[in-house]
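Colleague: Let me give you the structure first, and then I'll get to my questions.
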Amino acid sequence: MSTEQRAEPLRLGSIAPNFDAETTAGPINFHDFIGDNWVVLFSHPEDYTPVCTTELGAFAKLEPEFSKRGVKLIGLSANTIESHGGWIQDINEISGGRVNFPIIGDKERKVAYLYDMLDHQDTTNVDSKGIAFTIRSVFIIDPKKTIRTILSYPASTGRNTAEVLRIVDSLKTGDKHKVTTPINWVPGDDVIVHPSVKTEDAKNIWPQMRVVKPYLRFTPLEKEKTSAAV
């Protein structure tokens with residue numbers, strides 16, 4: 001598939017496209033894999049590359065925290081399943097963790113094109129046949145199969161796993177309590193009462209609410225009431 005045939009870019013609120021794929025844990029249907037869970041799908045340019053190796057090791061170490069929150073991890077790399085198997089051994093050795101989540105084999109870039117995980121800017125990010133590698137994309141998907149977050153990093157820059165987990169906590173906590181989270185929020189910090197909640201109603205729900213501006217209303221929310229309380 002050429003770059004001219006790329007799918008329309010996905011947006012927040014789009015339904016995550018379904019696909020069948022081979023993974024290091026066996027064949028999957030993506031929507032079946034999601035089931036009733038949240039899912040973090042993240043792609044890598046290629047196996048046996050330095051930045052990707054550090055990233056997968058970090059995700060492996062943090063996977064228990066995602067699992068506690070009902071979140072499944074699944075990686076993708078533009079290589080074969082057989083290649084992934086040897087690479088995982090390196091990742092486990094270097095990181096001191098253990099990769100338990102599946103990694104999709106996407107040598108033909110079928111999923112990469114479907115999710116627009118390609119780099120228009122870096123024309124050197126291609127394999128020996130001139131086929132574009134994936135970039136470092138992250139999709140956070142909820143149980144309704146709705147894409148809630150899209151992150152794209154250049155191939156040269158490793159991601160921040162703690163930030164991905166923080167976004168999950170923000171989304172899950174916001175859904176539950178009708179709140180939004182301010183800059184640099186971490187579970188336990190004050191949250192913002194959602195604009196859709198009238199101030200009169202908000203005072204009953206959040207007795208400790210403080211109004212900075214009519215549109216900016218903060219309230220404490222203990223960490224124990226967030227999705228991080230696991």
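Naming works like this for the structure tokens: A, B, ... for the chains as they're shown, residue 1 at the start of each chain, ligands 1 onward in shown order.
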Based on DSSP run over this structure's backbone, return all residues of segment 26-225 of chain A in helix (DSSP H, G or I), as a PyMOL selection string.

Modeller: chain A and resi 30-34+50-68+81-95+110-114+161-177+199-205+223-225

Colleague: List as a tab-separated table (two decimals) with all heavy atoms, in the first residue's frame the protein and nucleic acid residues near Pro182 of chain A, meaning an atom at most 9 Å away when only C-alpha atoms are counted, but skip any in the same chain fewer than 3 places from it.

Modeller:
```tsv
chain	number	residue	atom	x	y	z
A	185	TRP	N	-1.51	17.05	36.59
A	185	TRP	CA	-2.26	16.31	37.62
A	185	TRP	C	-1.73	14.90	37.79
A	185	TRP	O	-1.37	14.23	36.82
A	185	TRP	CB	-3.73	16.24	37.22
A	185	TRP	CG	-4.59	15.41	38.13
A	185	TRP	CD1	-5.23	15.82	39.26
A	185	TRP	CD2	-4.93	14.02	37.96
A	185	TRP	NE1	-5.93	14.78	39.82
A	185	TRP	CE2	-5.77	13.66	39.05
A	185	TRP	CE3	-4.60	13.05	37.02
A	185	TRP	CZ2	-6.28	12.37	39.19
A	185	TRP	CZ3	-5.11	11.77	37.17
A	185	TRP	CH2	-5.94	11.44	38.25
A	190	ASP	N	-5.92	17.99	43.42
A	190	ASP	CA	-7.25	18.54	43.17
A	190	ASP	C	-7.62	18.35	41.69
A	190	ASP	O	-6.75	18.35	40.80
A	190	ASP	CB	-7.28	20.03	43.50
A	190	ASP	CG	-7.25	20.30	45.00
A	190	ASP	OD1	-7.23	19.32	45.78
A	190	ASP	OD2	-7.22	21.49	45.37
A	191	VAL	N	-8.92	18.19	41.46
A	191	VAL	CA	-9.44	18.05	40.10
A	191	VAL	C	-10.35	19.23	39.79
A	191	VAL	O	-10.67	20.04	40.66
A	191	VAL	CB	-10.20	16.73	39.93
A	191	VAL	CG1	-9.27	15.55	40.12
A	191	VAL	CG2	-11.38	16.64	40.92
A	192	ILE	N	-10.76	19.33	38.52
A	192	ILE	CA	-11.65	20.39	38.09
A	192	ILE	C	-13.04	19.82	37.86
A	192	ILE	O	-13.20	18.79	37.20
A	192	ILE	CB	-11.13	21.03	36.78
A	192	ILE	CG1	-9.76	21.69	37.02
A	192	ILE	CG2	-12.13	22.04	36.24
A	192	ILE	CD1	-9.08	22.15	35.74
```

Colleague: I want to know what sits within 7 Å of Thr146 of chain A, based on only C-alpha atoms, with residues of the same chain fewer than 3 positions away left out; could you give that as a list of chain:residue names?

Modeller: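 Near neighbours after the sequence-gap exclusion: A:Gly13, A:Ser14, A:Ile15, A:Ala16, A:Ile141, A:Asp142.
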
Colleague: Could you please take those selected residues and save all heavy atoms as a PDB file, in the first residue's frame?

Modeller:
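The resulting file, out23.pdb, is reproduced below:
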```
ATOM      1  N   GLY A  13     -12.419   9.877  19.683  1.00  0.00           N
ATOM      2  CA  GLY A  13     -13.837   9.581  19.521  1.00  0.00           C
ATOM      3  C   GLY A  13     -14.116   8.612  18.398  1.00  0.00           C
ATOM      4  O   GLY A  13     -15.235   8.099  18.291  1.00  0.00           O
ATOM      5  N   SER A  14     -13.123   8.350  17.543  1.00  0.00           N
ATOM      6  CA  SER A  14     -13.295   7.337  16.498  1.00  0.00           C
ATOM      7  C   SER A  14     -13.368   5.948  17.129  1.00  0.00           C
ATOM      8  O   SER A  14     -12.763   5.700  18.169  1.00  0.00           O
ATOM      9  CB  SER A  14     -12.104   7.353  15.525  1.00  0.00           C
ATOM     10  OG  SER A  14     -11.996   8.570  14.839  1.00  0.00           O
ATOM     11  N   ILE A  15     -14.101   5.060  16.496  1.00  0.00           N
ATOM     12  CA  ILE A  15     -14.080   3.663  16.905  1.00  0.00           C
ATOM     13  C   ILE A  15     -12.780   3.042  16.397  1.00  0.00           C
ATOM     14  O   ILE A  15     -12.429   3.188  15.231  1.00  0.00           O
ATOM     15  CB  ILE A  15     -15.295   2.898  16.348  1.00  0.00           C
ATOM     16  CG1 ILE A  15     -16.587   3.481  16.914  1.00  0.00           C
ATOM     17  CG2 ILE A  15     -15.194   1.406  16.682  1.00  0.00           C
ATOM     18  CD1 ILE A  15     -16.707   3.422  18.425  1.00  0.00           C
ATOM     19  N   ALA A  16     -12.063   2.379  17.282  1.00  0.00           N
ATOM     20  CA  ALA A  16     -10.798   1.757  16.909  1.00  0.00           C
ATOM     21  C   ALA A  16     -11.052   0.714  15.821  1.00  0.00           C
ATOM     22  O   ALA A  16     -11.855  -0.202  16.022  1.00  0.00           O
ATOM     23  CB  ALA A  16     -10.150   1.108  18.128  1.00  0.00           C
ATOM     24  N   ILE A 141      -7.618   3.123  24.293  1.00  0.00           N
ATOM     25  CA  ILE A 141      -8.943   2.742  23.796  1.00  0.00           C
ATOM     26  C   ILE A 141      -9.782   2.243  24.966  1.00  0.00           C
ATOM     27  O   ILE A 141      -9.300   1.458  25.788  1.00  0.00           O
ATOM     28  CB  ILE A 141      -8.796   1.641  22.727  1.00  0.00           C
ATOM     29  CG1 ILE A 141      -7.911   2.142  21.578  1.00  0.00           C
ATOM     30  CG2 ILE A 141     -10.152   1.185  22.217  1.00  0.00           C
ATOM     31  CD1 ILE A 141      -7.390   1.051  20.670  1.00  0.00           C
ATOM     32  N   ASP A 142     -11.037   2.693  25.042  1.00  0.00           N
ATOM     33  CA  ASP A 142     -11.880   2.305  26.174  1.00  0.00           C
ATOM     34  C   ASP A 142     -12.695   1.051  25.830  1.00  0.00           C
ATOM     35  O   ASP A 142     -12.656   0.547  24.703  1.00  0.00           O
ATOM     36  CB  ASP A 142     -12.759   3.478  26.633  1.00  0.00           C
ATOM     37  CG  ASP A 142     -13.851   3.856  25.635  1.00  0.00           C
ATOM     38  OD1 ASP A 142     -14.196   3.035  24.757  1.00  0.00           O
ATOM     39  OD2 ASP A 142     -14.375   4.985  25.747  1.00  0.00           O
TER      40      ASP A 142
END
```

Colleague: Compile the contact shell of Thr219 of chain A as a PDB file with N, CA, C and O atoms, in the first residue's frame: residues with an atom at most 9 Å away, counting only C-alpha atoms, same-chain residues fewer than 2 positions apart removed.

Modeller:
```pdb
ATOM      1  N   ASP A 190      -5.920  17.986  43.422  1.00  0.00           N
ATOM      2  CA  ASP A 190      -7.246  18.540  43.166  1.00  0.00           C
ATOM      3  C   ASP A 190      -7.616  18.353  41.692  1.00  0.00           C
ATOM      4  O   ASP A 190      -6.753  18.355  40.805  1.00  0.00           O
ATOM      5  N   VAL A 191      -8.919  18.193  41.459  1.00  0.00           N
ATOM      6  CA  VAL A 191      -9.435  18.054  40.101  1.00  0.00           C
ATOM      7  C   VAL A 191     -10.348  19.233  39.786  1.00  0.00           C
ATOM      8  O   VAL A 191     -10.673  20.041  40.663  1.00  0.00           O
ATOM      9  N   ILE A 192     -10.761  19.326  38.524  1.00  0.00           N
ATOM     10  CA  ILE A 192     -11.650  20.393  38.085  1.00  0.00           C
ATOM     11  C   ILE A 192     -13.045  19.815  37.863  1.00  0.00           C
ATOM     12  O   ILE A 192     -13.202  18.792  37.196  1.00  0.00           O
ATOM     13  N   VAL A 193     -14.043  20.458  38.427  1.00  0.00           N
ATOM     14  CA  VAL A 193     -15.421  20.021  38.239  1.00  0.00           C
ATOM     15  C   VAL A 193     -15.814  20.264  36.774  1.00  0.00           C
ATOM     16  O   VAL A 193     -15.564  21.333  36.219  1.00  0.00           O
ATOM     17  N   TRP A 206     -19.724  18.246  45.652  1.00  0.00           N
ATOM     18  CA  TRP A 206     -18.361  18.546  46.098  1.00  0.00           C
ATOM     19  C   TRP A 206     -18.408  19.672  47.134  1.00  0.00           C
ATOM     20  O   TRP A 206     -18.183  20.830  46.801  1.00  0.00           O
ATOM     21  N   PRO A 207     -18.702  19.382  48.401  1.00  0.00           N
ATOM     22  CA  PRO A 207     -18.822  20.421  49.438  1.00  0.00           C
ATOM     23  C   PRO A 207     -17.569  21.276  49.597  1.00  0.00           C
ATOM     24  O   PRO A 207     -17.649  22.430  50.020  1.00  0.00           O
ATOM     25  N   GLN A 208     -16.413  20.725  49.252  1.00  0.00           N
ATOM     26  CA  GLN A 208     -15.151  21.463  49.414  1.00  0.00           C
ATOM     27  C   GLN A 208     -14.737  22.185  48.140  1.00  0.00           C
ATOM     28  O   GLN A 208     -13.630  22.714  48.056  1.00  0.00           O
ATOM     29  N   MET A 209     -15.643  22.281  47.185  1.00  0.00           N
ATOM     30  CA  MET A 209     -15.316  22.946  45.928  1.00  0.00           C
ATOM     31  C   MET A 209     -14.983  24.411  46.147  1.00  0.00           C
ATOM     32  O   MET A 209     -15.636  25.105  46.929  1.00  0.00           O
ATOM     33  N   ARG A 210     -13.941  24.875  45.448  1.00  0.00           N
ATOM     34  CA  ARG A 210     -13.615  26.301  45.492  1.00  0.00           C
ATOM     35  C   ARG A 210     -13.690  26.858  44.079  1.00  0.00           C
ATOM     36  O   ARG A 210     -13.193  26.245  43.125  1.00  0.00           O
ATOM     37  N   VAL A 211     -14.352  28.000  43.956  1.00  0.00           N
ATOM     38  CA  VAL A 211     -14.577  28.619  42.654  1.00  0.00           C
ATOM     39  C   VAL A 211     -13.522  29.695  42.427  1.00  0.00           C
ATOM     40  O   VAL A 211     -13.501  30.723  43.107  1.00  0.00           O
ATOM     41  N   ARG A 217     -13.459  25.541  38.560  1.00  0.00           N
ATOM     42  CA  ARG A 217     -13.875  25.147  39.907  1.00  0.00           C
ATOM     43  C   ARG A 217     -13.103  23.899  40.332  1.00  0.00           C
ATOM     44  O   ARG A 217     -13.224  22.848  39.710  1.00  0.00           O
ATOM     45  N   LEU A 221      -9.908  15.518  45.503  1.00  0.00           N
ATOM     46  CA  LEU A 221     -10.338  14.161  45.202  1.00  0.00           C
ATOM     47  C   LEU A 221      -9.219  13.234  45.659  1.00  0.00           C
ATOM     48  O   LEU A 221      -8.158  13.191  45.044  1.00  0.00           O
TER      49      LEU A 221
END
```

Colleague: Near Val230 of chain A, counting only C-alpha atoms, which residues have an atom at most 12 Å away, once you skip same-chain residues fewer than 5 positions from it, shown as a ChimeraX atom specification?

Modeller: /A:64-70,169,187,223-225

Colleague: Using only C-alpha atoms for the distances, tell me which of A:Lys172, A:His44, A:His31, A:Lys110 is nearest to Gly158 of chain A.

Modeller: A:His44

Colleague: Please determine, counting only C-alpha atoms, which residue among A:Asp32, A:Asp201, A:Asp116, A:Glu222 has the shortest atom-to-atom distance to Ser137 of chain A.

Modeller: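 Selected residue with least distance to Ser137 of chain A: A:Asp116.
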
Colleague: To one decimal place in Å, what is the distance between atom CA of Arg148 of chain A and atom CA of Ser77 of chain A?

Modeller: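 Atom CA of Arg148 of chain A sits 21.8 Å away from atom CA of Ser77 of chain A.
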